[in-house]
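Have a look at upload_35.cif; it's mmCIF, C-alpha atoms:
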data_target
loop_
_atom_site.label_atom_id
_atom_site.label_comp_id
_atom_site.auth_asym_id
_atom_site.auth_seq_id
_atom_site.Cartn_x
_atom_site.Cartn_y
_atom_site.Cartn_z
CA MET A 1 99.38 183.00 359.21
CA LEU A 2 95.73 184.05 359.49
CA SER A 3 92.34 182.55 358.64
CA PRO A 4 90.08 185.50 357.78
CA ASP A 5 86.65 185.52 356.19
CA ALA A 6 86.94 186.22 352.47
CA PRO A 7 85.74 189.87 352.57
CA TYR A 8 88.69 190.78 354.80
CA VAL A 9 91.34 189.55 352.37
CA GLU A 10 91.28 192.71 350.27
CA LYS A 11 91.39 194.86 353.41
CA LEU A 12 94.47 192.98 354.57
CA VAL A 13 96.08 193.47 351.16
CA ARG A 14 95.34 197.20 351.14
CA ALA A 15 96.80 197.46 354.65
CA ASP A 16 99.94 195.67 353.38
CA LEU A 17 99.60 192.94 356.01
CA ILE A 18 99.65 189.78 353.88
CA GLN A 19 101.85 188.54 351.07
CA PRO A 20 100.94 187.15 347.65
CA LEU A 21 100.93 183.39 347.18
CA ASN A 22 102.34 181.38 344.29
CA PRO A 23 99.38 179.40 342.84
CA GLU A 24 101.77 176.64 341.77
CA ASP A 25 102.56 175.92 345.42
CA TYR A 26 99.00 174.82 346.16
CA PRO A 27 96.54 172.20 344.78
CA ILE A 28 94.41 174.86 343.10
CA ASN A 29 93.24 172.48 340.36
CA ASP A 30 91.74 170.15 342.99
CA LEU A 31 89.37 172.90 344.15
CA TYR A 32 85.89 173.38 342.78
CA GLU A 33 86.09 175.75 339.83
CA ARG A 34 84.49 178.62 341.78
CA TYR A 35 87.44 178.61 344.19
CA GLN A 36 90.27 178.19 341.70
CA HIS A 37 90.19 181.86 340.79
CA PHE A 38 87.94 183.16 343.55
CA ASP A 39 87.55 186.89 343.06
CA GLN A 40 87.74 187.71 346.78
CA HIS A 41 91.12 186.00 346.99
CA TRP A 42 92.71 187.36 343.83
CA ILE A 43 93.53 191.06 344.18
CA ASP A 44 95.06 192.99 341.28
CA ASN A 45 95.65 189.68 339.48
CA LYS A 46 97.62 188.23 342.39
CA LEU A 47 96.60 185.36 344.65
CA TYR A 48 96.62 186.32 348.33
CA ALA A 49 94.45 183.62 349.91
CA VAL A 50 93.09 180.14 349.37
CA ALA A 51 89.72 178.88 350.56
CA SER A 52 89.72 176.33 353.38
CA ARG A 53 85.98 175.99 354.14
CA TRP A 54 82.79 177.42 352.68
CA GLY A 55 79.04 177.30 352.90
CA PHE A 56 75.89 179.03 351.77
CA TYR A 57 72.73 180.40 353.28
CA GLY A 58 69.47 179.02 351.94
CA LEU A 59 66.26 177.85 353.59
CA ALA A 60 66.48 175.25 356.34
CA TYR A 61 63.08 173.67 356.99
CA ASN A 62 61.30 170.91 358.86
CA SER A 63 60.10 168.48 356.21
CA LYS A 64 57.45 167.11 358.58
CA HIS A 65 55.61 170.43 358.56
CA VAL A 66 56.84 172.21 355.43
CA ASP A 67 56.21 171.34 351.80
CA PRO A 68 59.63 171.09 350.09
CA ALA A 69 58.10 172.65 346.95
CA ASP A 70 57.41 175.82 348.96
CA MET A 71 61.10 176.13 349.81
CA GLN A 72 62.27 176.28 346.20
CA SER A 73 61.66 180.04 346.34
CA TYR A 74 61.88 182.62 349.10
CA SER A 75 58.28 183.48 348.18
CA GLY A 76 57.27 180.41 350.21
CA LEU A 77 58.13 182.34 353.38
CA TRP A 78 55.04 184.49 352.90
CA LYS A 79 52.56 181.60 352.92
CA ASP A 80 49.92 181.93 355.65
CA LYS A 81 50.45 178.35 356.80
CA TYR A 82 53.96 179.30 357.94
CA LYS A 83 52.95 182.49 359.79
CA GLY A 84 54.81 182.64 363.08
CA LYS A 85 56.90 179.59 362.18
CA ILE A 86 60.01 181.34 360.84
CA ALA A 87 63.19 181.92 362.86
CA ILE A 88 65.54 184.72 361.88
CA PHE A 89 69.06 184.73 363.29
CA ASP A 90 70.04 188.22 364.46
CA TRP A 91 72.61 189.07 361.78
CA TYR A 92 71.84 191.46 358.97
CA LEU A 93 74.33 190.24 356.35
CA PRO A 94 72.94 186.79 355.42
CA ASN A 95 69.28 187.67 355.94
CA MET A 96 69.31 190.91 353.96
CA GLY A 97 71.61 189.33 351.37
CA CYS A 98 69.10 186.54 350.77
CA MET A 99 66.28 189.08 350.54
CA GLY A 100 68.34 190.85 347.90
CA ARG A 101 68.69 187.62 345.94
CA TYR A 102 64.93 187.12 346.19
CA LEU A 103 64.48 190.57 344.63
CA GLY A 104 66.77 189.63 341.75
CA TYR A 105 70.00 191.36 342.81
CA LYS A 106 72.76 189.01 341.69
CA GLU A 107 75.29 190.87 343.86
CA PRO A 108 73.07 192.03 346.74
CA TYR A 109 75.87 193.70 348.70
CA ASP A 110 76.78 196.02 345.82
CA ILE A 111 73.39 197.73 345.57
CA GLY A 112 72.48 201.39 345.95
CA PRO A 113 69.99 203.22 348.21
CA ALA A 114 66.93 202.54 346.03
CA GLU A 115 67.58 198.79 346.00
CA LEU A 116 68.31 198.81 349.73
CA ASN A 117 64.94 200.44 350.32
CA LYS A 118 63.28 197.60 348.40
CA ILE A 119 65.07 195.10 350.64
CA ARG A 120 63.81 197.08 353.62
CA GLU A 121 60.21 196.91 352.39
CA THR A 122 60.50 193.18 351.67
CA LEU A 123 62.07 192.44 355.03
CA PHE A 124 59.42 194.42 356.89
CA SER A 125 56.65 192.59 355.02
CA LEU A 126 58.10 189.32 356.36
CA LYS A 127 57.93 190.42 360.01
CA PRO A 128 54.36 189.07 360.66
CA TYR A 129 55.56 185.61 359.60
CA VAL A 130 58.57 185.60 361.95
CA GLY A 131 58.08 183.70 365.19
CA THR A 132 61.44 184.55 366.72
CA ILE A 133 64.50 186.66 366.08
CA ALA A 134 67.16 184.46 367.63
CA ALA A 135 70.02 186.17 369.43
CA THR A 136 72.42 183.28 368.78
CA ASN A 137 72.78 180.34 366.43
CA SER A 138 72.15 178.08 369.43
CA ASP A 139 68.78 179.75 369.92
CA THR A 140 67.93 179.16 366.25
CA ILE A 141 68.94 175.51 366.53
CA GLN A 142 66.86 175.02 369.68
CA ALA A 143 63.79 176.67 368.14
CA LEU A 144 64.01 174.36 365.12
CA ALA A 145 64.74 171.31 367.27
CA ASN A 146 61.71 171.77 369.53
CA GLU A 147 59.55 172.68 366.50
CA ASN A 148 58.52 176.08 367.82
CA VAL A 149 59.55 177.20 364.33
CA TRP A 150 59.80 175.25 361.11
CA ILE A 151 61.88 177.44 358.78
CA SER A 152 65.00 179.60 358.95
CA ILE A 153 67.42 181.31 356.59
CA ALA A 154 70.41 179.18 357.52
CA GLY A 155 73.36 177.15 356.32
CA ARG A 156 74.35 173.55 355.75
CA TRP A 157 76.22 173.20 359.04
CA LEU A 158 73.09 174.01 361.05
CA GLN A 159 70.94 171.67 358.95
CA VAL A 160 73.41 168.78 359.20
CA LEU A 161 73.77 169.24 362.96
CA LEU A 162 70.00 169.00 363.45
CA LYS A 163 69.61 166.11 361.03
CA GLU A 164 72.42 164.24 362.76
CA GLN A 165 70.42 164.63 365.98
CA GLY A 166 67.41 163.01 364.32
CA HIS A 167 65.39 166.08 363.36
CA PRO A 168 63.82 166.12 359.85
CA ILE A 169 65.58 169.32 358.76
CA GLU A 170 66.44 169.82 355.09
CA LEU A 171 68.14 172.68 353.25
CA SER A 172 67.21 174.23 349.93
CA ASN A 173 69.10 176.60 347.69
CA PRO A 174 66.09 178.58 346.40
CA LYS A 175 65.82 179.29 342.70
CA GLU A 176 66.74 182.94 343.33
CA GLY A 177 70.00 181.79 344.92
CA GLY A 178 71.65 182.26 348.28
CA VAL A 179 74.73 183.97 349.67
CA SER A 180 77.99 182.26 350.54
CA TRP A 181 80.56 182.48 353.29
CA THR A 182 84.17 181.46 352.85
CA GLU A 183 87.11 181.05 355.21
CA ALA A 184 90.56 181.75 353.82
CA LEU A 185 94.16 180.95 354.66
CA VAL A 186 96.75 183.71 354.20
CA ILE A 187 100.40 184.32 355.08
CA THR A 188 101.21 187.52 356.92
CA LYS A 189 103.67 189.98 355.41
CA HIS A 190 106.01 189.76 358.37
CA SER A 191 105.75 186.02 358.99
CA LYS A 192 108.81 184.70 360.79
CA ASN A 193 108.57 181.37 358.98
CA PRO A 194 106.66 181.79 355.68
CA GLU A 195 107.93 178.43 354.39
CA LEU A 196 106.33 176.62 357.33
CA ALA A 197 103.13 178.63 356.81
CA LYS A 198 103.12 177.53 353.16
CA LYS A 199 103.50 173.90 354.21
CA TYR A 200 100.63 174.27 356.67
CA ILE A 201 98.33 175.62 353.94
CA GLN A 202 99.36 172.79 351.62
CA TRP A 203 98.55 170.32 354.40
CA ALA A 204 95.21 172.01 355.18
CA LEU A 205 94.19 171.86 351.51
CA SER A 206 95.09 168.17 351.04
CA PRO A 207 92.05 165.92 350.44
CA LYS A 208 92.33 163.92 353.66
CA ILE A 209 92.68 166.97 355.89
CA GLN A 210 89.91 168.73 353.99
CA ALA A 211 87.68 165.76 354.80
CA GLY A 212 88.63 166.17 358.46
CA LEU A 213 87.71 169.86 358.31
CA ALA A 214 84.42 168.98 356.64
CA TRP A 215 83.43 166.59 359.42
CA ALA A 216 85.05 168.19 362.48
CA ASN A 217 83.47 167.19 365.79
CA ALA A 218 81.75 170.51 366.43
CA PHE A 219 81.21 171.84 362.92
CA HIS A 220 80.23 169.93 359.77
CA VAL A 221 80.75 172.13 356.71
CA LEU A 222 81.51 172.18 353.01
CA VAL A 223 85.12 172.31 351.83
CA PRO A 224 86.58 173.49 348.50
CA ASN A 225 88.73 170.45 347.65
CA SER A 226 86.65 168.28 345.33
CA LYS A 227 88.69 165.18 346.27
CA ALA A 228 87.82 165.40 349.99
CA VAL A 229 84.68 163.37 349.32
CA ASN A 230 86.90 160.30 348.80
CA TYR A 231 87.96 160.45 352.46
CA LEU A 232 84.49 160.87 353.97
CA LYS A 233 82.15 158.10 355.01
CA LYS A 234 79.28 157.63 352.57
CA GLU A 235 76.68 158.99 355.01
CA GLN A 236 78.86 162.01 355.85
CA ALA A 237 79.32 162.92 352.21
CA SER A 238 75.60 162.46 351.61
CA MET A 239 74.55 164.69 354.52
CA LEU A 240 76.88 167.45 353.33
CA GLY A 241 75.78 167.06 349.72
CA LEU A 242 79.36 166.44 348.61
CA ASP A 243 78.44 163.14 346.98
CA ASN A 244 76.26 164.74 344.30
CA TYR A 245 78.49 166.88 342.11
CA GLU A 246 75.66 167.82 339.75
CA GLU A 247 73.53 169.29 342.54
CA LEU A 248 76.54 170.89 344.23
CA SER A 249 77.51 172.53 340.94
CA LYS A 250 74.05 174.10 340.75
CA VAL A 251 74.58 175.60 344.19
CA LEU A 252 78.06 176.89 343.35
CA VAL A 253 76.77 178.90 340.38
CA ASN A 254 73.69 180.14 342.26
CA ILE A 255 75.23 181.92 345.24
CA ALA A 256 76.59 185.42 345.68
CA ASN A 257 79.70 186.16 347.73
CA ARG A 258 78.92 187.59 351.13
CA LYS A 259 80.54 191.00 351.43
CA THR A 260 80.58 193.99 353.72
CA PRO A 261 78.28 196.56 352.05
CA THR A 262 79.82 199.89 351.12
CA ASP A 263 77.14 201.69 353.13
CA GLU A 264 77.28 199.28 356.05
CA GLU A 265 75.69 201.71 358.50
CA ALA A 266 72.62 202.06 356.28
CA TRP A 267 72.22 198.28 356.22
CA LYS A 268 72.58 198.09 360.01
CA LYS A 269 69.98 200.82 360.42
CA VAL A 270 67.47 198.85 358.32
CA TRP A 271 68.15 195.76 360.42
CA GLN A 272 67.69 197.59 363.70
CA GLU A 273 64.39 199.01 362.42
CA PHE A 274 63.26 195.53 361.40
CA LYS A 275 64.00 194.14 364.87
CA SER A 276 62.29 197.00 366.69
CA LYS A 277 59.04 197.01 364.68
#
Kindly transcribe the structure held in the file into structure tokens.
Amino acid sequence: MLSPDAPYVEKLVRADLIQPLNPEDYPINDLYERYQHFDQHWIDNKLYAVASRWGFYGLAYNSKHVDPADMQSYSGLWKDKYKGKIAIFDWYLPNMGCMGRYLGYKEPYDIGPAELNKIRETLFSLKPYVGTIAATNSDTIQALANENVWISIAGRWLQVLLKEQGHPIELSNPKEGGVSWTEALVITKHSKNPELAKKYIQWALSPKIQAGLAWANAFHVLVPNSKAVNYLKKEQASMLGLDNYEELSKVLVNIANRKTPTDEEAWKKVWQEFKSK
């Protein structure tokens, strides 16, 4: 059994390394609608993976210094009052993906050279507002915690971690939308005990275990089982946003799947240019 990121599921299928799953074996109907027939897990009309955890990248911000209204659009990043107060984690996929959403590309990883050039121009225009390009997530967290920066393109887990520590960090899903990440569970083609692997996936997708995955000691994240909220403490569910189905539904329809771009080297080149300017 493996737990790959969603974009790798199709690659594993094409390499003939994982086996199809029977949807009837798993609590698919308990998952949020987006993950019941998740297009990165269904290949050629066959289910090969189920989601175990997920999240999205939006705008994490310090509500003591930042107007929440400014964070309802990525355009707020270009306000002079936030110049030098933005942290960018050194990873091209979420940052460039969110810039693509800002430019109106619903599927930002499926774009061509002309659209990529527009992302490049937009990213470069943001550089004067960036206070730090953080080498690690820990560096991003520290910069937000000590208030050297006030804003970052980041996910729920980072925001919840900081808020749990007492920092006034909130997370918005801007009107243009964000990009998602998803972890999957799959069964390898040559598994020595596929029945046991199936039982493990069933266990991992059960509401109580999903709640445990949502509030693990080191990593607080969103999970796809809609019933997991019933096994979380009220404050845990609130911090993750799992207690407000209406707002969560808005997020689920306003995010694009993170993918590996077809022209990955071109994307990496843009990112390296951005960092070196």
Q. Gln40 in chain A: which residues within 7 Å, counting all atoms listed in the file, same-chain residues fewer than 6 positions away excluded, as a list of chain:residue names?
A. A:Ala6, A:Pro7, A:Val9
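Once the PyMOL selection byres ((chain A and resi 253) around 12) is applied to the shown structure, the selection contains Tyr32, Glu33, Arg34, Tyr35, Phe56, Lys106, Asn173, Lys175, Glu176, Gly177, Gly178, Val179, Ser180, Glu246, Glu247, Leu248, Ser249, Lys250, Val251, Leu252, Asn254, Ile255, Ala256 and Asn257 of chain A.
When the PyMOL selection byres ((chain A and resi 36) around 12) is run on the displayed coordinates, the residues it returns are Pro23, Glu24, Tyr26, Pro27, Ile28, Asn29, Asp30, Leu31, Tyr32, Glu33, Arg34, Tyr35, His37, Phe38, Asp39, Gln40, His41, Trp42, Leu47, Ala49, Val50, Ala51, Ser52, Pro224, Asn225 and Ser226 of chain A.
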Q. With distances taken over all atoms listed in the file, which of A:Arg101, A:Lys189, A:Arg53, A:His65 is nearest to Val221 in chain A?
A. A:Arg53
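The space separating CA of Leu144 in chain A from CA of Trp181 in chain A comes to 21.9 Å.
The residues returned by the PyMOL selection byres ((chain A and resi 73-81) around 8) on the shown structure are A:Leu59, A:Asp70, A:Met71, A:Gln72, A:Tyr82, A:Lys83, A:Ile86, A:Met99, A:Tyr102, A:Leu126, A:Tyr129, A:Pro174, A:Lys175, A:Glu176.
Neighbours of Ala197 in chain A closer than or equal to 7 Å, with only C-alpha atoms counted and sequence neighbours fewer than 3 positions away skipped, come out as Met1, Ile187, Asn193, Pro194, Tyr200 and Ile201 of chain A.
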Q: Write out as a PyMOL selection string which residues come within 9 Å of Gln236 in chain A when counting all atoms listed in the file, dropping same-chain ones fewer than 5 positions away.
A: chain A and resi 214-215+220+229+241-243
Q. When distances are computed from all atoms listed in the file, which of A:Pro261, A:Glu183, A:Lys85, A:Leu161 shows the smallest separation from Ala218 in chain A?
A.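 Counting all atoms listed in the file, the residue closest to Ala218 in chain A is A:Leu161.
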Name the residues in contact with Ala154 in chain A at a cut-off of 6 Å, using all atoms listed in the file, excluding same-chain residues fewer than 5 positions from it; report them as a PDB file with C-alpha atoms, keeping the file's coordinate frame.
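Heads up, here's the output in part.pdb:
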ATOM      1  CA  TYR A  57      72.730 180.400 353.280  1.00  0.00           C
ATOM      2  CA  GLY A  58      69.470 179.020 351.940  1.00  0.00           C
ATOM      3  CA  LEU A  59      66.260 177.850 353.590  1.00  0.00           C
ATOM      4  CA  ALA A  60      66.480 175.250 356.340  1.00  0.00           C
TER       5      ALA A  60
END
(Q) Given all atoms listed in the file as the basis, pick out the residue of A:Leu103, A:Leu123, A:Ala114, A:Ile18 nearest to Gln272 in chain A. (A)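 Looking only at the distances to Gln272 in chain A, the closest residue turns out to be A:Leu123.
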Q. How many Å lie between CA of Gln142 in chain A and CA of Arg156 in chain A, rounded to one decimal?
A. 15.9 Å
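Proximity to Leu205 in chain A was assessed for A:Glu115, A:Ala228, A:Pro4, A:Ala143 counting all atoms listed in the file; the smallest distance is recorded for A:Ala228.
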Q) By how many Å are CA of Lys163 in chain A and CA of Asn62 in chain A apart? A)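 Between these atoms lies a distance of 9.8 Å.
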Q.
I'd like the neighbourhood of Lys127 in chain A as a list in words, where a residue qualifies if any of its atoms comes within 10 Å (using all atoms listed in the file), though same-chain residues fewer than 2 positions away should be ignored.
A.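 Final neighbour list, sorted by chain and number: Trp78, Lys83, Gly84, Ile86, Ile88, Thr122, Leu123, Phe124, Ser125, Tyr129, Val130, Gly131, Thr132, Ile133, Phe274, Lys275 and Lys277 of chain A.
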(Q) Nearest residue to Pro113 in chain A out of A:Ser191, A:Ser276, A:Asn217, A:Thr262, using only C-alpha atoms? (A)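 When distances to Pro113 in chain A are compared using only C-alpha atoms, the smallest one comes from A:Thr262.
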Q: Scan for residues within 9 Å of the point (71.1, 168.0, 353.4) in the coordinates of the file, using all atoms listed in the file, and reply as an NGL selection string.
A: :A and (156 or 159-160 or 163 or 169-172 or 238-241)
Q) Between A:Arg258, A:Lys46, A:Lys269, A:Lys11, which one has atoms that come closest to Thr182 in chain A, using all atoms listed in the file? A) A:Arg258
With N, CA and C atoms as the goal, would you fill in the gaps in range 206-241 of chain A and present it as a CSV table (one decimal), in the frame of the given file?
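That gives us selection_20.csv:
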chain,number,residue,atom,x,y,z
A,206,SER,N,95.0,169.5,351.6
A,206,SER,CA,95.1,168.2,351.0
A,206,SER,C,93.7,167.5,351.3
A,207,PRO,N,93.4,166.5,350.4
A,207,PRO,CA,92.0,165.9,350.4
A,207,PRO,C,91.7,165.3,351.8
A,208,LYS,N,92.6,164.6,352.4
A,208,LYS,CA,92.3,163.9,353.7
A,208,LYS,C,92.1,164.9,354.8
A,209,ILE,N,92.9,166.0,354.8
A,209,ILE,CA,92.7,167.0,355.9
A,209,ILE,C,91.4,167.8,355.6
A,210,GLN,N,91.2,168.0,354.4
A,210,GLN,CA,89.9,168.7,354.0
A,210,GLN,C,88.7,167.9,354.5
A,211,ALA,N,88.8,166.6,354.3
A,211,ALA,CA,87.7,165.8,354.8
A,211,ALA,C,87.5,165.9,356.3
A,212,GLY,N,88.7,166.0,357.0
A,212,GLY,CA,88.6,166.2,358.5
A,212,GLY,C,88.0,167.5,358.8
A,213,LEU,N,88.3,168.5,358.1
A,213,LEU,CA,87.7,169.9,358.3
A,213,LEU,C,86.2,169.8,358.0
A,214,ALA,N,85.8,169.1,357.0
A,214,ALA,CA,84.4,169.0,356.6
A,214,ALA,C,83.6,168.3,357.7
A,215,TRP,N,84.2,167.3,358.4
A,215,TRP,CA,83.4,166.6,359.4
A,215,TRP,C,84.1,166.7,360.8
A,216,ALA,N,84.5,167.9,361.2
A,216,ALA,CA,85.0,168.2,362.5
A,216,ALA,C,84.0,167.9,363.5
A,217,ASN,N,84.4,167.6,364.7
A,217,ASN,CA,83.5,167.2,365.8
A,217,ASN,C,82.4,168.2,366.0
A,218,ALA,N,82.7,169.5,366.0
A,218,ALA,CA,81.8,170.5,366.4
A,218,ALA,C,81.1,171.2,365.2
A,219,PHE,N,81.6,171.0,364.0
A,219,PHE,CA,81.2,171.8,362.9
A,219,PHE,C,81.3,171.1,361.6
A,220,HIS,N,80.2,170.7,361.0
A,220,HIS,CA,80.2,169.9,359.8
A,220,HIS,C,79.9,170.9,358.6
A,221,VAL,N,80.9,171.1,357.7
A,221,VAL,CA,80.8,172.1,356.7
A,221,VAL,C,81.2,171.6,355.4
A,222,LEU,N,81.0,172.5,354.3
A,222,LEU,CA,81.5,172.2,353.0
A,222,LEU,C,83.0,172.6,352.9
A,223,VAL,N,83.7,172.0,352.0
A,223,VAL,CA,85.1,172.3,351.8
A,223,VAL,C,85.3,172.5,350.3
A,224,PRO,N,86.4,173.2,349.9
A,224,PRO,CA,86.6,173.5,348.5
A,224,PRO,C,87.3,172.4,347.7
A,225,ASN,N,88.0,171.5,348.4
A,225,ASN,CA,88.7,170.4,347.6
A,225,ASN,C,87.8,169.4,347.2
A,226,SER,N,87.6,169.2,345.9
A,226,SER,CA,86.6,168.3,345.3
A,226,SER,C,87.0,166.8,345.6
A,227,LYS,N,88.3,166.6,346.0
A,227,LYS,CA,88.7,165.2,346.3
A,227,LYS,C,88.5,164.8,347.7
A,228,ALA,N,88.0,165.7,348.6
A,228,ALA,CA,87.8,165.4,350.0
A,228,ALA,C,86.7,164.4,350.2
A,229,VAL,N,85.8,164.3,349.2
A,229,VAL,CA,84.7,163.4,349.3
A,229,VAL,C,85.2,161.9,349.4
A,230,ASN,N,86.3,161.7,348.8
A,230,ASN,CA,86.9,160.3,348.8
A,230,ASN,C,87.4,159.8,350.2
A,231,TYR,N,87.5,160.8,351.1
A,231,TYR,CA,88.0,160.4,352.5
A,231,TYR,C,86.9,160.6,353.5
A,232,LEU,N,85.6,160.8,353.1
A,232,LEU,CA,84.5,160.9,354.0
A,232,LEU,C,83.7,159.6,353.9
A,233,LYS,N,83.1,159.2,355.0
A,233,LYS,CA,82.2,158.1,355.0
A,233,LYS,C,81.0,158.4,354.1
A,234,LYS,N,80.4,157.4,353.5
A,234,LYS,CA,79.3,157.6,352.6
A,234,LYS,C,78.2,158.5,353.1
A,235,GLU,N,77.8,158.2,354.4
A,235,GLU,CA,76.7,159.0,355.0
A,235,GLU,C,77.1,160.4,355.3
A,236,GLN,N,78.4,160.6,355.6
A,236,GLN,CA,78.9,162.0,355.8
A,236,GLN,C,78.8,162.8,354.6
A,237,ALA,N,79.3,162.2,353.5
A,237,ALA,CA,79.3,162.9,352.2
A,237,ALA,C,77.9,163.2,351.8
A,238,SER,N,77.0,162.3,352.0
A,238,SER,CA,75.6,162.5,351.6
A,238,SER,C,74.9,163.6,352.4
A,239,MET,N,75.2,163.6,353.7
A,239,MET,CA,74.6,164.7,354.5
A,239,MET,C,75.1,166.1,354.1
A,240,LEU,N,76.3,166.2,353.7
A,240,LEU,CA,76.9,167.4,353.3
A,240,LEU,C,76.5,167.8,351.9
A,241,GLY,N,76.1,166.8,351.1
A,241,GLY,CA,75.8,167.1,349.7
A,241,GLY,C,77.0,167.0,348.8
